[in-house]
Amino acid sequence: MFIINCPYCGERDQTEFTCHGEAHIARPDNPSEISDEEWGRYLFFRENPKGTHFERWTHDHGCRRWFNVMRDTVTDQIIKTYKMGEAKPEISNE
Amino acid sequence: MSNQNRTIYGGKVNREKPINFVFNGKSYIGYQGDTLASALLANDVHLIGRSFKYHRARGILTAGSEEPNAIVQLGLGARTEPNIRATEVELYEGLEASSQNCWPSVNFDIGAMNNFLSRIFPAGFYYKTFKWPPSMWLFYEHFIRKAAGLGQSPTAKNPDRYEQKFYYTDITIVGGGISGLLAALGAGRSGCKVLLIDENPELGGYLLDYNFSINEKDGKKWLKKIIDELDGLANVIILKRTTAMGYYDYNYLTALEKVTNHHVEFSNTLPRERYWRIRSKKVILAQGAFERPLVFADNDRPGIMMASAGQKYLSRYGVLPGKSVVLFTNNDHAYLTAFEFVEKGAKVTVVDTRDLLNARISEKCKSLNITVYKSYSVIKTYGYKKVNRIEIQQVDKNQNQLKGEVENIHTDCVLMSGGWNPAVQLFSQSRGKLKYDLKINTFVPDKIIENQKIIGSNNGQFNLQENLNESFDAGIAAANELNFNSVEKVNWTGKEEIEFTHSDVEPYMLGKKKVTKGSKHFIDFQNDVTAADIFLAQREGYISVEHTKRYTTTGMGTDQGKTSNVNALALMSHIHNKPVDEIGHTTFRPPYAPQTIGAIAGRSVDKLFDPERKTSMHEWHVENKAVFEDVGQWKRPYYFPQNKEDIHQAVKRECLAVRNSLGILDASTLGKIDLQGPDAAKFLNMIYTNAWSKLEIGSCRYGLMCNEHGMIFDDGVTSKLGENHYHMTTTTGGAARVMSWLEEFLQTEWLDMKVFCTSVTEQWAVLSISGPNSREFLKDLTNIDLSKESFPFMKFREGEVCGVKARVFRISFTGELSYEVNVPARYGRYVWEKFMEHGKKYNITPYGTETMHVLRAEKGFIIVGQDTDGSVTPNDMNLDWIVSKKKEDFLGKRSFTRSDTVRHDRKKFVGLLVNDKKTVLPEGSHIVEKALKQPPMKMLGHVTSSYYSPTLGYPIALAMLKDGFSKMGEQVVVPLMNGKIIEATVTDTIFYDKEGKRNNE
Amino acid sequence: MKYSLYNLVKNSFSYHENWEKAWSSPDLKPEYDVVIVGGGGHGLGTAYYLAKEFGVKNIAVLEKGWIGGGNTGRNTTIIRSNYLWDESAALYNHAVNLWEGLSSELNFNVMFSQRGLFHLAHSVHDMQEITRRGYSNYLNGIDAEILNQDQVAKKIPHINVNGRYPVLGALLQRRAGTARHDAVAWGYARAAENLGVDIIQNCEVKGIDISNGKVVGLQTTKGSVKVDKVGLVPAGHSSVLANMAGFSLPINSVPLQALVSEPVKPILDCVIMSNSVHVYVSQSDKGELVVGAGSDAYNSYSQRGSFDMIEHMMAPLVELFPIFSRLKMLRSWGGIVDVTPDRSPIIGKTPVKDLFINCGWGTGGFKATPGSAHVFAETVFRGEPNDIAAPFSLERHFSGALVDEAAAAAVAH
């Protein structure tokens, strides 16, 4: 049961939020020009790392905003939350 | 004779307040302050239940929540509860309990036959047999299932209520023994918000049962002063009878408070239990430790109990469980119990596994006439329903051999102490790492992960003096770390007559040579796991601790191994000749103790299981006897039966009313989203498959939404209310999904688009009137010009309806002339009633979802989720007319050209007419290539919608059919499960008014 | 030594001191024809069928922890084959056919108990869904009965058919049921070892050696090993292994929790699944209610889930069975499930030659164990999937030929 720091509302209980999978997957600008395989990769293929994961959450029972979370999938510890459109944080090697 | 084992004085029970209770049908008297276990012992009842596998006679092993043996069926009728630990049940007037897992009675239990057959029932025996013939397994299993299980489930609905409480605090302290109390005091004096949780009815823990001094004065009085001070601190909340159950990430704890379990009367106002969900900045674990059993042959008989339990029964409840007592120990501290028993009149013999004994203890034993067998071990016990004799033998110095003569001691009570195991369950749940401490032969906390402290004997620290100061300091330190002010430190000097010393013997067993030869050295009492079973598991290769646990079921009883785990691991360490650390341990999982399912469900039961969504006309529907159906959380009228009509009769009447005159549908549940912003049209172009740029203000357009896989996922009509302002409708069930879909793209993909989406589903009541008379009907009630010319099909107008501001959409889901009248939700019922009144002359007929479905099916309109299923494209549904060829891009477009999506033999949407003009095909039945006598048959498609059409007078169906568009007019067959084969003709999907004249009237 | 009642009795005279190891702990050899990575039921089963049906001699199963310690030992043990699509029905029914003979085949009682499974329908839409699926099952030769409310009430004592979401009917598969999950891993391990398979526990794969696009070896915590072919069956770590081999998967790994109640005498004789009220429950032979529900939505390898999922299992359980309210939840646990976009597995070839994968079983892998193992063994042996496995290729994510079992359950109107 995480505590998630919504970039708009502050720290709230996990039950107010929903996770929507990997972040920073941009929709192709030119879908009609890419191959079935490239399109399939955009639709379905995910990093699913054991370690630092960038993912999208919404504050459903709150401001209803989407934002990004940087979280470790082994310890489940949230490293950082940040707004949509902000740059993907670096993964530190510590 | 009653209370024959009760001492004349001593203990905390109130001998002035007798309490009547019944056990196994027999009445007994206990006293206020008793537990069920102490009251039974006082009445010389030792045989409490039968064990899981061998049905062995079992008594009372402990005096707390770790009890594996004394579990009973408590209460009667709907309030009966199985598997309740008698050691935790506070006695109340009229309590009724009975033994479990025995038939016909606990004294004479047929199942005990298993004990005599036990030689062929070692661990995992069931994996090796009952395999032949395979068809017989259900037969064998029937008997296995009957023999297994413990108590009985209630068979009536639970009449009691449970509550949940969410709680936020600075510090949660788990455990109200000396360590927890002093930590609470330290933190409490600092001004922190403290929550102190203890599972017992009384704070004080272990010290309640032993004599000790503080600053050379009576410790009990000092303890009371500490508790009084805590009681007086407004910032300290104390929860008694509350068990911390789960420790989840980010210091999220759950705890179960028994609120009225111990009450005589069942409460109408209070819940039975309250489930606490606690978020805490810091947690201090001070749960103490469990005494560890010793492992010897037949160590499970009634009358054999933990030394600390004996101490507690004697000193707290004034119960002397035996008069001729043997203490079997491997440590000094347990001698305190021997002294206590002698003082209360028992004859005590000590069997100590060690050969050296502290001189002070030796002397005191001598003075109290206690015989001490040093370097001896109990090797076997006798007695059927209660222990009456034990055998002891001398232990060789290296502890692995027995030697000398076997001696007999007659006894009626054996107290055992194998040292102490810290209660590390919660710590381990919080991902804390454990290490094996060779000095005290048990696992102790090593590495902490959460924002947490662990103190006292819970941390493997058993010395009273050290715990006094460290615990208090821990409370202050925790407060400091949360930026509360420091308070003055206090120095107490604490003394016990015998300090804890480390038990210096391997904890698992003695006389191991005897272990494997058919004797029963119990490791896990409840699940009947013996040392021989652990040996067998190792021999057969189940060497990982998890394999051993799962193969033997050790630690998997209702006590979750609180008394057995460490002994099992130590035995494995011995067998493999490896340190216990290398053996490892299994993972502790929530809950710490069994927790009531109803309490976790809390108030989310019955009507509150899930909220019911109701439209503003709902009560009218109820008053007019609508039958409802659940659509998502909504309650929608399914049909409105009149005079005992069944669904078919009602739907027929409703359908004909719409086709011939006027019907009215409550369409309020349709999802409604208000879109505003300069990029709204651009956004709609991406969201819908068709084009929106040229839609004029005041016009409506049907739209299809696909997901990025190109599959239809919602549909609805969107209208342009003004420049940059749209009103979107969605399916009832899809409203939330669509809303979140729109937001996803606006917030994550097209951040530059200026569009706001607002859900207005509940802001508007929607009255859909439909039928040839709807214009005539409505024109008397509105100031909107309804003429065909000024308000044509697929247009939207604003005005007043029945004096209420309204949005009227001329759209139709029935194929008839229709108006969807949207009024602010609070006027919904008002306008509805006006409609009903004014509509009398047109025989206005309210209709439900079933009639709506029939009418739209006659017109071939799809229902997303019924005719489509998330695997069909617009092309599959013959909806290419609504897919823009010009738009560069929209959601789902790219997927239309994948190799599987362009496959020509995909299933396509068609109509079906049965040849007999009678049979209504079941929705979900399938079209097959060829009807055969027996399945399997190759399927070509399935029926998605199917109704008797009152308008046409024969059944109609919609279906998905492989390559269906090229099969118009062909014959197909639909085999039914009852063996009938129905023949049908493939048609287009529009059965009525193919030209679409009626809704253009 | 053969497992039988005769031998059980015989061994009781020697106090069971003469039983052999069910499997041993051999050293890792320098070279194998086939290495299966992952010692769960699917992996061990694959090795067993490779040895038994395809005569492969030199096989190892590498398990990073203890065999059967992943989802094999963490699931709610439900077995059924009443899937909607032909492709799924063929795969899962192949499994049920094998389950029926598995105890004899392995000479190990896996306690496959065909006590019947009810999928409850709570709305008109649910009824349409179970009818469609029931018909599809029936025509595929899979047993299916569509029941109305009265029949459900009669067949399942104590169920509350008049709750917030009333039970309107159910789809019954009598051949469905449960099995003893651990026994599946142990039975396959023992039978595989009897055929010469090396089962190597505590051996984690740390690297995959690829030469000219072909797998040639593995780096493990117990040293390196040369291989001819590799089958990856690492549920819960599929993406991790795929990444080692240089490709990614359409998979997210999410936490799934399950729990059991305290044991009680027999009270529930069948398996209940409700997709709308959202809970699954059966009673184990030990007497515990085994309860499962949905997974958390976030990726995690922690084998822990959030508490609200537990709450969301208990409320539906009490809704369906108000009599269970006073029973006690005894133990909960978490597993990692690899979820694909269409909730169907991936079985077949990978971009690396002679490296095959069997993964993505999501929450439903246990029921498929023998079928999955059997078709995957053939895939590894032949280098090509057979007819049953073929629809489950990785390639379907590019062509769009998903086998979408979740799609049909969508609610609208």
# chains A, B, ... in the order shown; residues from 1 in each chain; ligands from 1
call {"tool": "closest_atom_pairs", "arguments": {"of": "segment 178-296 of chain B", "to": "segment 13-27 of chain A", "cutoff": "10 Å", "atoms": "only C-alpha atoms", "output": "CSV"}}
result
residue,atom,partner,partner_atom,distance
B:Tyr250,CA,A:Asp13,CA,9.9
B:Tyr252,CA,A:Asp13,CA,9.9
B:Arg279,CA,A:Asp13,CA,9.1
call {"tool": "residues_around", "arguments": {"residues": "segment 472-489 of chain B", "least_positions_apart": "6", "cutoff": "6 Å", "atoms": "only C-alpha atoms", "output": "list in words"}}
result
Leu182, Ala183, Ala184, Gly186, Ala187 and Ser190 of chain B
call {"tool": "residues_around", "arguments": {"residues": "Asn162 of chain C", "least_positions_apart": "5", "cutoff": "12 Å", "atoms": "only C-alpha atoms", "output": "ChimeraX atom specification"}}
result
/B:606-607 /C:122-123,149-150,152-153,167-169,319-322
call {"tool": "atom_distance", "arguments": {"atom1": "atom CA of Leu608 of chain B", "atom2": "atom CA of Ile673 of chain B"}}
result
27.3 Å
call {"tool": "select_by_dssp", "arguments": {"residues": "segment 386-601 of chain B", "states": "strand (DSSP E or B)", "output": "ChimeraX atom specification"}}
result
/B:389-395,402-410,413-417,420-422,433-437,442-447,452-454,494-496,521-524,529-530,595-596
call {"tool": "residues_around", "arguments": {"residues": "Pro7 of chain A", "least_positions_apart": "6", "cutoff": "8 Å", "atoms": "only C-alpha atoms", "output": "PyMOL selection string"}}
result
chain A and resi 67+81-83
call {"tool": "select_by_dssp", "arguments": {"residues": "segment 319-563 of chain B", "states": "helix (DSSP H, G or I)", "output": "PyMOL selection string"}}
result
chain B and resi 335-343+359-367+425-429+456-459+464-481+512-514+531-539+545-552
call {"tool": "closest_residue", "arguments": {"among": "A:Ala87, A:Lys80, A:Thr58, A:Phe45", "to": "Ala242 of chain C", "atoms": "only C-alpha atoms"}}
result
A:Phe45
call {"tool": "closest_residue", "arguments": {"among": "B:Met794, B:Val395, B:Val295, B:Ile178", "to": "Asn999 of chain B", "atoms": "only C-alpha atoms"}}
result
B:Met794
call {"tool": "residues_around", "arguments": {"residues": "Ile79 of chain A", "least_positions_apart": "3", "cutoff": "10 Å", "atoms": "only C-alpha atoms", "output": "list in words"}}
result
Thr52, His53, Phe54, Val69, Met70, Arg71, Asp72, Asp76, Pro89 and Ile91 of chain A
call {"tool": "interface_residues", "arguments": {"of": "chain B", "to": "chain A", "cutoff": "10 Å", "atoms": "only C-alpha atoms", "output": "PyMOL selection string"}}
result
chain B and resi 247-253+279+431+449+708-709+740+743-751+888-895+897-899
call {"tool": "atom_distance", "arguments": {"atom1": "atom CA of Thr73 of chain A", "atom2": "atom CA of Lys453 of chain B"}}
result
24.9 Å
call {"tool": "residues_around", "arguments": {"residues": "Asn48 of chain A", "least_positions_apart": "5", "cutoff": "8 Å", "atoms": "only C-alpha atoms", "output": "ChimeraX atom specification"}}
result
/A:22,53 /C:239-240,251-253,299
call {"tool": "residues_around", "arguments": {"residues": "segment 99-103 of chain C", "least_positions_apart": "4", "cutoff": "7 Å", "atoms": "only C-alpha atoms", "output": "list in words"}}
result
Lys131 and Pro134 of chain B; Ala95, Asn107, Phe108, Asn109, Val110, Phe112 and Pro370 of chain C
call {"tool": "decode", "arguments": {"residues": "segment 485-498 of chain B", "atoms": "all heavy atoms", "output": "CSV table (one decimal), in the first residue's frame"}}
result
chain,number,residue,atom,x,y,z
B,485,ASN,N,10.0,17.3,20.8
B,485,ASN,CA,11.0,17.6,21.8
B,485,ASN,C,11.4,16.4,22.6
B,485,ASN,O,10.6,15.6,22.9
B,485,ASN,CB,10.5,18.7,22.7
B,485,ASN,CG,10.3,20.0,21.9
B,485,ASN,OD1,11.0,20.3,20.9
B,485,ASN,ND2,9.4,20.8,22.4
B,486,SER,N,12.6,16.5,23.0
B,486,SER,CA,13.1,15.5,23.9
B,486,SER,C,12.5,15.6,25.3
B,486,SER,O,12.1,16.7,25.7
B,486,SER,CB,14.6,15.6,24.1
B,486,SER,OG,15.3,14.9,23.0
B,487,VAL,N,12.4,14.5,26.0
B,487,VAL,CA,12.0,14.6,27.4
B,487,VAL,C,13.1,13.9,28.2
B,487,VAL,O,13.9,13.2,27.7
B,487,VAL,CB,10.6,13.9,27.6
B,487,VAL,CG1,9.5,14.6,26.9
B,487,VAL,CG2,10.7,12.4,27.2
B,488,GLU,N,13.0,14.1,29.5
B,488,GLU,CA,14.0,13.6,30.4
B,488,GLU,C,14.1,12.1,30.4
B,488,GLU,O,13.0,11.5,30.4
B,488,GLU,CB,13.7,14.2,31.8
B,488,GLU,CG,15.0,14.2,32.6
B,488,GLU,CD,14.6,14.7,34.0
B,488,GLU,OE1,13.7,15.5,34.1
B,488,GLU,OE2,15.2,14.2,35.0
B,489,LYS,N,15.3,11.6,30.4
B,489,LYS,CA,15.4,10.1,30.5
B,489,LYS,C,15.2,9.7,31.9
B,489,LYS,O,15.5,10.5,32.8
B,489,LYS,CB,16.8,9.7,30.0
B,489,LYS,CG,16.9,10.1,28.5
B,489,LYS,CD,18.0,9.3,27.8
B,489,LYS,CE,17.9,9.6,26.3
B,489,LYS,NZ,18.9,8.8,25.5
B,490,VAL,N,14.8,8.5,32.1
B,490,VAL,CA,14.6,8.0,33.5
B,490,VAL,C,15.4,6.7,33.7
B,490,VAL,O,15.6,5.9,32.7
B,490,VAL,CB,13.1,7.7,33.7
B,490,VAL,CG1,12.8,7.3,35.1
B,490,VAL,CG2,12.2,8.8,33.3
B,491,ASN,N,16.0,6.5,34.8
B,491,ASN,CA,16.7,5.3,35.1
B,491,ASN,C,15.9,4.5,36.1
B,491,ASN,O,15.7,4.9,37.2
B,491,ASN,CB,18.1,5.6,35.6
B,491,ASN,CG,19.0,6.0,34.5
B,491,ASN,OD1,19.0,5.5,33.4
B,491,ASN,ND2,19.8,7.1,34.7
B,492,TRP,N,15.5,3.3,35.7
B,492,TRP,CA,14.9,2.4,36.6
B,492,TRP,C,15.8,1.2,36.8
B,492,TRP,O,16.6,0.8,36.0
B,492,TRP,CB,13.6,1.8,36.0
B,492,TRP,CG,12.5,2.8,35.8
B,492,TRP,CD1,11.7,3.3,36.8
B,492,TRP,CD2,12.0,3.4,34.6
B,492,TRP,NE1,10.8,4.2,36.3
B,492,TRP,CE2,11.0,4.2,34.9
B,492,TRP,CE3,12.4,3.2,33.2
B,492,TRP,CZ2,10.3,5.0,33.9
B,492,TRP,CZ3,11.7,3.9,32.3
B,492,TRP,CH2,10.7,4.8,32.6
B,493,THR,N,15.7,0.6,38.0
B,493,THR,CA,16.5,-0.6,38.3
B,493,THR,C,15.5,-1.7,38.4
B,493,THR,O,14.7,-1.7,39.3
B,493,THR,CB,17.3,-0.5,39.6
B,493,THR,OG1,18.0,0.7,39.5
B,493,THR,CG2,18.2,-1.7,39.7
B,494,GLY,N,15.5,-2.7,37.5
B,494,GLY,CA,14.6,-3.7,37.5
B,494,GLY,C,15.2,-5.1,37.8
B,494,GLY,O,16.4,-5.3,37.4
B,495,LYS,N,14.5,-5.9,38.6
B,495,LYS,CA,15.1,-7.2,39.0
B,495,LYS,C,14.1,-8.3,38.9
B,495,LYS,O,12.9,-8.1,39.4
B,495,LYS,CB,15.7,-7.1,40.4
B,495,LYS,CG,17.2,-6.7,40.4
B,495,LYS,CD,17.8,-7.2,41.7
B,495,LYS,CE,19.3,-7.0,41.5
B,495,LYS,NZ,19.8,-6.2,42.7
B,496,GLU,N,14.4,-9.4,38.4
B,496,GLU,CA,13.6,-10.6,38.5
B,496,GLU,C,14.4,-11.6,39.4
B,496,GLU,O,15.7,-11.5,39.4
B,496,GLU,CB,13.4,-11.3,37.1
B,496,GLU,CG,12.4,-10.6,36.3
B,496,GLU,CD,12.1,-11.4,35.1
B,496,GLU,OE1,12.8,-11.3,34.1
B,496,GLU,OE2,11.1,-12.2,35.1
B,497,GLU,N,13.7,-12.5,40.0
B,497,GLU,CA,14.4,-13.4,40.9
B,497,GLU,C,15.4,-14.2,40.1
B,497,GLU,O,16.6,-14.5,40.5
B,497,GLU,CB,13.5,-14.4,41.6
B,497,GLU,CG,14.2,-15.2,42.6
B,497,GLU,CD,13.2,-16.2,43.3
B,497,GLU,OE1,12.0,-16.0,43.1
B,497,GLU,OE2,13.7,-17.0,44.1
B,498,ILE,N,15.0,-14.7,38.9
B,498,ILE,CA,16.0,-15.3,38.0
B,498,ILE,C,15.9,-14.6,36.6
B,498,ILE,O,14.9,-14.4,36.1
B,498,ILE,CB,15.6,-16.8,37.7
B,498,ILE,CG1,15.6,-17.6,39.0
B,498,ILE,CG2,16.5,-17.4,36.7
B,498,ILE,CD1,15.1,-19.0,38.9
